[in-house]
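J.: This is the structure, below, for whatever I ask next.
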Amino acid sequence: MIPLTFPFTEAQVRALKVGDEVSISGIVFTGRDAVHKYLHEGGALPPGVSLRDGIIYHCGPVMMKQPDGTYKCTAAGPTTSIREEPYQWQIIRDFGVRGVIGKGGMGDKTLAACKEHGCVYLHAIGGAAQVLAECVKQVRNVYFAEEFGSPEAIWELEIENFPAVVTIDAHGHSLHKEVLAASQAALAERL
Amino acid sequence: MNALKDSLVELIRRTSAEIPDDVNRALVTALENEKKGTIAASALKIIEQNIELAKRKSQPICQDTGSVIFYVDCPVGFDQIACEEAAREAVKAATKIGYLRQNSVDSLTGKNDGTNLGPGAPVVHCHQHRSSEISVRLMLKGGGCENVGAQYSLPAEKLHANRDLDGCRKVILDAVLQAQGKGCGPGILGVCIGGDRATGYEYSKQQFLRMLDDRNANPELDALEQDILKTANELGIGPMGFGGKTTLLGVKICAANRVPASFFVSISYMCWAFRRQGVTLGAEGEIEKWLY
């Protein structure tokens with residue numbers, strides 16, 4: 001496991017390659033369908049949210065409001081990233097994102113943006129909501145909860161030793177492309 | 001009616017937090033089969049830890065607690081309206097406790113009122129039978145795996161799939177290829193050959209109510225199930241699409257009559273976080289036994 005600690009520098013990110021298992025610690029912001037569409041359409045990040053040298057996490061967690069007004073994260077696995085493919089490249093470019101955590105992989109536009117701007121795609125284990133919620137040490141804030149609803153809101157999380165695998169690196173390599181090509185060839189032999 | 005509601009809340013809790021034994025056994029075997037030290041094996045190890053943790057904490061296995069789908073088998077004279085009402089109340093209560101995420105969105109306004117109730121949410125299928133038994137099965141089907149489901153209309157020229165079992169095989173394997181890791185594999189396929197566009201998908205989902213290790217009573221469908229499972233696991237897609245030996249944990253196929261003009265093959269994909277449970281209920285609505 002390679003430790004990856006906030007703030008995530010370009011050098012740190014460029015040193016990673018496809019297949020590396022990483023352990024992420026620091027501040028991350030969740031953002032999924034509604035947030036990506038909003039930013040793509042020219043929306044501004046709310047005050048207090050910065051993605052520069054940061055990580056955006058494709059996640060719609062289960063959050064329980066505590067009597068003191070804080071939130072406890074009780075489930076927090078990744079959601080399918082490919083839905084953000086039309087928008088992600090632009091958000092990487094415009095907001096200085098160094099890492100995208102999600103699942104299922106992303107396409108050529110994101111791959112190109114990762115290479116050009118120095119960003120990686122970090123594949124978390126889909127469905128592993130409890131293991132990953134244990135890595136959330138604190139829910140620091142929430143933005144757009146009213147507008148987008150709880151799963152679609154921007155949650156500011158402090159995570160520790162969050163496990164993920166680099167499946168798109170900053171050198172133009174994608175595990176998803178490799179596995180797709182190999183499985184396509186394997187299937188062709190079996191039809 | 002309160003006993004029924006309480007039973008349904010407990011059914012939701014257990015479905016959301018505990019993987020059924022048949023699925024757990026298949027995942028354990030999958031982990032044994034993957035090569036040590038690979039990222040596929042790491043993924044399955046985390047999945048195992050997650051299953052244990054969710055059960056211990058009574059918290060959702062996956063944060064996407066999915067579409068809430070009840071299947072009720074009931075005797076003649078059973079009050080289905082009251083049952084649906086109890087199901088809605090149970091869903092609302094289970095959401096408050098956190099067994100379910102606030103997961104239901106108004107498709108026109110985008111509003112999520114946090115209750116998980118609305119048009120089509122939850123889904124309750126009631127089916128009368130001659131037996132006096134009341135059983136309720138529940139499936140929580142996440143959006144990631146629902147999104148990789150597919151419906152093919154045969155002939156499908158690009159895939160050289162004609163209107164026969166070989167054509168069915170080709171499109172089912174194409175669905176596996178297209179899904180890659182996006183549906184949180186290793187997955188389980190539910191397939192319906194025939195039907196119309198609505199019933200095809202409906203029956204394909206109902207295949208998930210079968211035990212994972214059962215065998216199809218129809219020899220032709222049984223052979224097709226085994227063949228798809230074996231072939232899919234030779235494709236090297238693997239857990240999460242990381243590459244590896246386990247792409248699917250199971251394949252379940254049924255057939256329904258079609259009209260001469262249509263030949264649909266409908267494929268539902270279930271993620272490894274296969275959340276389904278069931279109970280039989282006593283006359284007062286109390287849980288008698290668990291079905292999976």
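By order in the structure tokens, chains are A, B, ...; within a chain, residues start at 1; ligands start at 1, following the order shown.
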How would you write, as a list in words, the set of residues in stretch 41-152 of chain B that DSSP gives as strand (DSSP E)?
T.: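 Selecting the strand (DSSP E) positions of stretch 41-152 of chain B gives Ser67, Val68, Ile69, Phe70, Tyr71, Val72, Asp73, Cys74, Pro75, Val123, Val124, His125, Cys126, His127, Gln128, His129, Ile134, Ser135, Val136, Arg137, Leu138, Met139, Leu140, Lys141, Ala150, Gln151 and Tyr152 of chain B.
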J.: Generate the output file for the selected residues, N, CA and C atoms, as an mmCIF file, in the first residue's frame.
T.:
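Listing of again_17.cif after writing:
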data_model
loop_
_atom_site.group_PDB
_atom_site.id
_atom_site.type_symbol
_atom_site.label_atom_id
_atom_site.label_comp_id
_atom_site.auth_asym_id
_atom_site.auth_seq_id
_atom_site.Cartn_x
_atom_site.Cartn_y
_atom_site.Cartn_z
ATOM 1 N N SER B 67 -33.521 0.124 -5.037
ATOM 2 C CA SER B 67 -34.980 0.067 -5.184
ATOM 3 C C SER B 67 -35.476 -0.966 -4.185
ATOM 4 N N VAL B 68 -36.555 -0.626 -3.502
ATOM 5 C CA VAL B 68 -37.095 -1.515 -2.471
ATOM 6 C C VAL B 68 -38.257 -2.295 -3.099
ATOM 7 N N ILE B 69 -38.038 -3.603 -3.273
ATOM 8 C CA ILE B 69 -39.032 -4.405 -4.003
ATOM 9 C C ILE B 69 -39.510 -5.563 -3.128
ATOM 10 N N PHE B 70 -40.796 -5.539 -2.787
ATOM 11 C CA PHE B 70 -41.384 -6.621 -1.983
ATOM 12 C C PHE B 70 -42.134 -7.594 -2.901
ATOM 13 N N TYR B 71 -41.995 -8.871 -2.616
ATOM 14 C CA TYR B 71 -42.788 -9.907 -3.281
ATOM 15 C C TYR B 71 -43.588 -10.630 -2.197
ATOM 16 N N VAL B 72 -44.907 -10.484 -2.259
ATOM 17 C CA VAL B 72 -45.762 -11.062 -1.225
ATOM 18 C C VAL B 72 -46.566 -12.217 -1.826
ATOM 19 N N ASP B 73 -46.468 -13.387 -1.221
ATOM 20 C CA ASP B 73 -47.334 -14.512 -1.593
ATOM 21 C C ASP B 73 -48.335 -14.685 -0.463
ATOM 22 N N CYS B 74 -49.619 -14.683 -0.805
ATOM 23 C CA CYS B 74 -50.619 -14.642 0.253
ATOM 24 C C CYS B 74 -51.838 -15.484 -0.100
ATOM 25 N N PRO B 75 -52.567 -15.924 0.935
ATOM 26 C CA PRO B 75 -53.781 -16.694 0.677
ATOM 27 C C PRO B 75 -54.930 -15.811 0.192
ATOM 28 N N VAL B 123 -41.903 -0.756 -4.294
ATOM 29 C CA VAL B 123 -42.687 -1.629 -5.163
ATOM 30 C C VAL B 123 -43.198 -2.792 -4.325
ATOM 31 N N VAL B 124 -44.487 -3.072 -4.431
ATOM 32 C CA VAL B 124 -45.036 -4.237 -3.716
ATOM 33 C C VAL B 124 -45.789 -5.112 -4.721
ATOM 34 N N HIS B 125 -45.277 -6.312 -4.933
ATOM 35 C CA HIS B 125 -45.975 -7.274 -5.801
ATOM 36 C C HIS B 125 -46.714 -8.259 -4.902
ATOM 37 N N CYS B 126 -48.039 -8.320 -5.036
ATOM 38 C CA CYS B 126 -48.800 -9.314 -4.276
ATOM 39 C C CYS B 126 -49.281 -10.406 -5.218
ATOM 40 N N HIS B 127 -49.193 -11.617 -4.743
ATOM 41 C CA HIS B 127 -49.584 -12.761 -5.554
ATOM 42 C C HIS B 127 -50.358 -13.736 -4.684
ATOM 43 N N GLN B 128 -51.589 -14.041 -5.073
ATOM 44 C CA GLN B 128 -52.391 -14.980 -4.283
ATOM 45 C C GLN B 128 -52.040 -16.417 -4.614
ATOM 46 N N HIS B 129 -52.084 -17.249 -3.592
ATOM 47 C CA HIS B 129 -51.944 -18.689 -3.848
ATOM 48 C C HIS B 129 -52.943 -19.454 -2.983
ATOM 49 N N ILE B 134 -48.300 -17.084 4.379
ATOM 50 C CA ILE B 134 -47.998 -15.714 3.954
ATOM 51 C C ILE B 134 -46.473 -15.571 3.943
ATOM 52 N N SER B 135 -45.927 -15.256 2.790
ATOM 53 C CA SER B 135 -44.492 -15.020 2.758
ATOM 54 C C SER B 135 -44.201 -13.670 2.104
ATOM 55 N N VAL B 136 -43.173 -13.027 2.613
ATOM 56 C CA VAL B 136 -42.735 -11.749 2.044
ATOM 57 C C VAL B 136 -41.257 -11.857 1.736
ATOM 58 N N ARG B 137 -40.914 -11.659 0.474
ATOM 59 C CA ARG B 137 -39.505 -11.614 0.073
ATOM 60 C C ARG B 137 -39.174 -10.171 -0.266
ATOM 61 N N LEU B 138 -37.945 -9.798 0.026
ATOM 62 C CA LEU B 138 -37.536 -8.416 -0.216
ATOM 63 C C LEU B 138 -36.220 -8.389 -0.976
ATOM 64 N N MET B 139 -36.165 -7.526 -1.973
ATOM 65 C CA MET B 139 -34.929 -7.319 -2.714
ATOM 66 C C MET B 139 -34.598 -5.830 -2.644
ATOM 67 N N LEU B 140 -33.351 -5.524 -2.318
ATOM 68 C CA LEU B 140 -32.877 -4.137 -2.372
ATOM 69 C C LEU B 140 -31.893 -4.095 -3.527
ATOM 70 N N LYS B 141 -32.283 -3.447 -4.610
ATOM 71 C CA LYS B 141 -31.445 -3.535 -5.806
ATOM 72 C C LYS B 141 -30.815 -2.186 -6.114
ATOM 73 N N ALA B 150 -29.727 -5.059 -19.413
ATOM 74 C CA ALA B 150 -29.884 -4.800 -20.846
ATOM 75 C C ALA B 150 -31.012 -5.647 -21.417
ATOM 76 N N GLN B 151 -31.639 -5.116 -22.435
ATOM 77 C CA GLN B 151 -32.689 -5.868 -23.122
ATOM 78 C C GLN B 151 -32.360 -5.904 -24.607
ATOM 79 N N TYR B 152 -32.303 -7.098 -25.157
ATOM 80 C CA TYR B 152 -31.971 -7.271 -26.575
ATOM 81 C C TYR B 152 -33.206 -7.748 -27.312
#
J.: Considering only C-alpha atoms, return as a PDB file with C-alpha atoms, in the first residue's frame whatever protein or nucleic-acid residues lie within 8 Å of B:Leu177, sequence-local ones (same chain, fewer than 4 positions apart) excluded.
T.:
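The result, stored in selection_10.pdb:
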ATOM      1  CA  LEU A 180     -12.062  -4.484 -21.874  1.00  0.00           C
ATOM      2  CA  SER A 183     -12.139  -9.696 -22.387  1.00  0.00           C
ATOM      3  CA  GLN A 184     -13.424  -8.727 -25.836  1.00  0.00           C
TER       4      GLN A 184
ATOM      5  CA  LEU B 173     -22.475 -12.749 -22.936  1.00  0.00           C
TER       6      LEU B 173
END
J.: Using only C-alpha atoms, find the residues of chain B whose closest atom to chain A is at most 6 Å away, then write them as a list in words.
T.: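 Selected residues: Ile47, Asn50, Ala54, Ile61, Cys62, Gln63, Arg101, Asn112, Gly144, Gly181, Lys182, Cys184, Leu235 and Gly236 of chain B.
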J.: Using only C-alpha atoms, which residue out of A:Gln66, A:Thr110, A:Gln88, A:Thr30 lies closest to A:Ile154?
T.: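 Looking at the shortest contact to A:Ile154, the residue is A:Thr30.
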J.: B:Gln277: which residues within 9 Å, counting only C-alpha atoms, same-chain residues fewer than 5 positions away excluded, as a short mmCIF file (atom, residue, chain, number, x, y, z; two decimals) with all heavy atoms, in the first residue's frame?
T.:
data_model
loop_
_atom_site.label_atom_id
_atom_site.label_comp_id
_atom_site.auth_asym_id
_atom_site.auth_seq_id
_atom_site.Cartn_x
_atom_site.Cartn_y
_atom_site.Cartn_z
N LEU B 11 -37.27 -7.21 8.50
CA LEU B 11 -36.90 -7.79 7.20
C LEU B 11 -36.00 -6.82 6.43
O LEU B 11 -34.99 -7.23 5.84
CB LEU B 11 -38.17 -8.11 6.39
CG LEU B 11 -37.96 -8.60 4.95
CD1 LEU B 11 -37.16 -9.90 4.92
CD2 LEU B 11 -39.30 -8.79 4.24
N ILE B 12 -36.32 -5.55 6.47
CA ILE B 12 -35.49 -4.53 5.78
C ILE B 12 -34.11 -4.46 6.43
O ILE B 12 -33.09 -4.43 5.75
CB ILE B 12 -36.19 -3.14 5.81
CG1 ILE B 12 -37.47 -3.16 4.98
CG2 ILE B 12 -35.22 -2.06 5.30
CD1 ILE B 12 -38.36 -1.94 5.18
N ARG B 14 -32.45 -6.72 8.12
CA ARG B 14 -31.61 -7.89 7.84
C ARG B 14 -31.21 -7.94 6.36
O ARG B 14 -30.08 -8.32 6.03
CB ARG B 14 -32.37 -9.16 8.25
CG ARG B 14 -31.45 -10.31 8.33
CD ARG B 14 -31.95 -11.41 9.24
NE ARG B 14 -31.16 -12.61 8.98
CZ ARG B 14 -31.45 -13.80 9.45
NH1 ARG B 14 -32.51 -13.97 10.22
NH2 ARG B 14 -30.69 -14.83 9.16
N THR B 15 -32.12 -7.56 5.49
CA THR B 15 -31.80 -7.57 4.06
C THR B 15 -30.68 -6.58 3.76
O THR B 15 -29.76 -6.87 2.99
CB THR B 15 -33.04 -7.22 3.22
OG1 THR B 15 -34.14 -8.03 3.64
CG2 THR B 15 -32.79 -7.45 1.73
N GLU B 18 -27.25 -7.89 6.02
CA GLU B 18 -26.71 -9.25 6.04
C GLU B 18 -26.82 -9.92 4.68
O GLU B 18 -27.90 -9.98 4.09
CB GLU B 18 -27.45 -10.10 7.09
CG GLU B 18 -27.28 -9.56 8.50
CD GLU B 18 -27.98 -10.41 9.56
OE1 GLU B 18 -28.31 -11.58 9.28
OE2 GLU B 18 -28.22 -9.88 10.65
N ILE B 19 -25.70 -10.42 4.21
CA ILE B 19 -25.67 -11.15 2.93
C ILE B 19 -26.26 -12.54 3.17
O ILE B 19 -25.93 -13.19 4.16
CB ILE B 19 -24.20 -11.26 2.46
CG1 ILE B 19 -23.75 -9.95 1.83
CG2 ILE B 19 -23.97 -12.43 1.51
CD1 ILE B 19 -24.15 -9.78 0.39
N PRO B 20 -27.14 -13.00 2.30
CA PRO B 20 -27.68 -14.36 2.48
C PRO B 20 -26.56 -15.41 2.40
O PRO B 20 -25.56 -15.21 1.70
CB PRO B 20 -28.64 -14.54 1.30
CG PRO B 20 -28.80 -13.20 0.69
CD PRO B 20 -27.68 -12.33 1.12
N VAL B 136 -43.17 -13.03 2.61
CA VAL B 136 -42.73 -11.75 2.04
C VAL B 136 -41.26 -11.86 1.74
O VAL B 136 -40.44 -12.16 2.62
CB VAL B 136 -42.96 -10.57 3.03
CG1 VAL B 136 -42.55 -9.25 2.37
CG2 VAL B 136 -44.40 -10.50 3.49
N ARG B 137 -40.91 -11.66 0.47
CA ARG B 137 -39.51 -11.61 0.07
C ARG B 137 -39.17 -10.17 -0.27
O ARG B 137 -40.03 -9.43 -0.77
CB ARG B 137 -39.26 -12.53 -1.12
CG ARG B 137 -39.32 -14.01 -0.77
CD ARG B 137 -39.25 -14.87 -2.02
NE ARG B 137 -39.11 -16.29 -1.68
CZ ARG B 137 -40.12 -17.08 -1.31
NH1 ARG B 137 -41.36 -16.60 -1.23
NH2 ARG B 137 -39.91 -18.34 -1.01
N LEU B 138 -37.95 -9.80 0.03
CA LEU B 138 -37.54 -8.42 -0.22
C LEU B 138 -36.22 -8.39 -0.98
O LEU B 138 -35.30 -9.15 -0.67
CB LEU B 138 -37.36 -7.68 1.12
CG LEU B 138 -36.74 -6.27 1.05
CD1 LEU B 138 -37.63 -5.31 0.27
CD2 LEU B 138 -36.52 -5.73 2.47
N MET B 139 -36.16 -7.53 -1.97
CA MET B 139 -34.93 -7.32 -2.71
C MET B 139 -34.60 -5.83 -2.64
O MET B 139 -35.48 -4.99 -2.83
CB MET B 139 -35.17 -7.74 -4.17
CG MET B 139 -33.93 -7.96 -5.00
SD MET B 139 -34.36 -8.23 -6.73
CE MET B 139 -35.31 -9.74 -6.64
N LEU B 209 -34.72 -14.45 -6.90
CA LEU B 209 -35.32 -15.06 -5.70
C LEU B 209 -34.91 -16.53 -5.57
O LEU B 209 -35.09 -17.13 -4.52
CB LEU B 209 -36.86 -14.93 -5.75
CG LEU B 209 -37.37 -13.48 -5.81
CD1 LEU B 209 -38.88 -13.46 -5.94
CD2 LEU B 209 -36.95 -12.69 -4.57
N TRP B 290 -37.17 -17.53 8.51
CA TRP B 290 -36.43 -16.83 7.47
C TRP B 290 -36.23 -17.76 6.28
O TRP B 290 -36.05 -18.97 6.46
CB TRP B 290 -35.08 -16.35 8.01
CG TRP B 290 -35.26 -15.28 9.04
CD1 TRP B 290 -35.42 -15.46 10.38
CD2 TRP B 290 -35.36 -13.87 8.80
NE1 TRP B 290 -35.61 -14.24 11.00
CE2 TRP B 290 -35.57 -13.25 10.06
CE3 TRP B 290 -35.29 -13.07 7.66
CZ2 TRP B 290 -35.71 -11.87 10.18
CZ3 TRP B 290 -35.42 -11.70 7.79
CH2 TRP B 290 -35.63 -11.10 9.04
N LEU B 291 -36.29 -17.22 5.08
CA LEU B 291 -36.33 -18.06 3.89
C LEU B 291 -34.97 -18.24 3.20
O LEU B 291 -34.83 -19.12 2.36
CB LEU B 291 -37.33 -17.48 2.88
CG LEU B 291 -38.79 -17.49 3.37
CD1 LEU B 291 -39.68 -16.74 2.40
CD2 LEU B 291 -39.30 -18.91 3.56
N TYR B 292 -33.99 -17.42 3.53
CA TYR B 292 -32.69 -17.58 2.86
C TYR B 292 -31.57 -17.68 3.89
O TYR B 292 -31.67 -17.13 4.95
CB TYR B 292 -32.41 -16.40 1.93
CG TYR B 292 -33.36 -16.30 0.76
CD1 TYR B 292 -34.43 -15.41 0.80
CD2 TYR B 292 -33.21 -17.11 -0.36
CE1 TYR B 292 -35.31 -15.32 -0.27
CE2 TYR B 292 -34.09 -17.01 -1.44
CZ TYR B 292 -35.13 -16.13 -1.38
OH TYR B 292 -36.00 -16.03 -2.44
#
J.: Write out as JSON, numbers by chain the residues lying within 8 Å of A:Thr5, counting only C-alpha atoms and excluding same-chain residues fewer than 4 positions away.
T.: {"A": [24, 25, 26]}
J.: Check the DSSP output for the backbone and give back, as a VMD selection string, the residues of chain A in helix (DSSP H, G or I).
T.: chain A and resid 10 to 14 33 to 40 81 to 95 108 to 117 129 to 134 145 to 148 150 to 152 175 to 188
J.: Excluding B:Arg25 and any residue of its chain fewer than 4 positions from it, enumerate the residues within 12 Å of it, using only C-alpha atoms, and give them as an MDAnalysis selection string.
T.: chainID B and resid 19:21 29:32 48 51 211:213 249:250 272
J.: At what distance in Å, to one decimal, does atom CA of B:Leu281 lie from atom CA of B:Ala121?
T.: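 Computed distance, atom CA of B:Ala121 to atom CA of B:Leu281, equals 22.6 Å.
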J.: Using only C-alpha atoms, find the one residue out of A:Asp94, A:Asp53, A:Glu84, A:Glu116 that sits nearest to A:Phe29.
T.: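 Nearest candidate to A:Phe29 out of A:Asp94, A:Asp53, A:Glu84, A:Glu116: A:Asp53.
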J.: Could you check which of B:Val171, B:Met270, B:Ile237, B:Ile228 is closest to B:Pro155, using only C-alpha atoms?
T.: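 Counting only C-alpha atoms, the residue closest to B:Pro155 is B:Val171.
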J.: To one decimal in Å, tell me the separation between atom CA of B:Arg258 and atom CA of B:Arg169.
T.: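 Separating atom CA of B:Arg258 from atom CA of B:Arg169 is a distance of 17.8 Å.
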J.: Select, from B:Ala161, B:Val28, B:Val148, B:Ile267, the residue with the minimum atom-to-atom distance to B:Ile253, counting only C-alpha atoms.
T.: B:Ile267
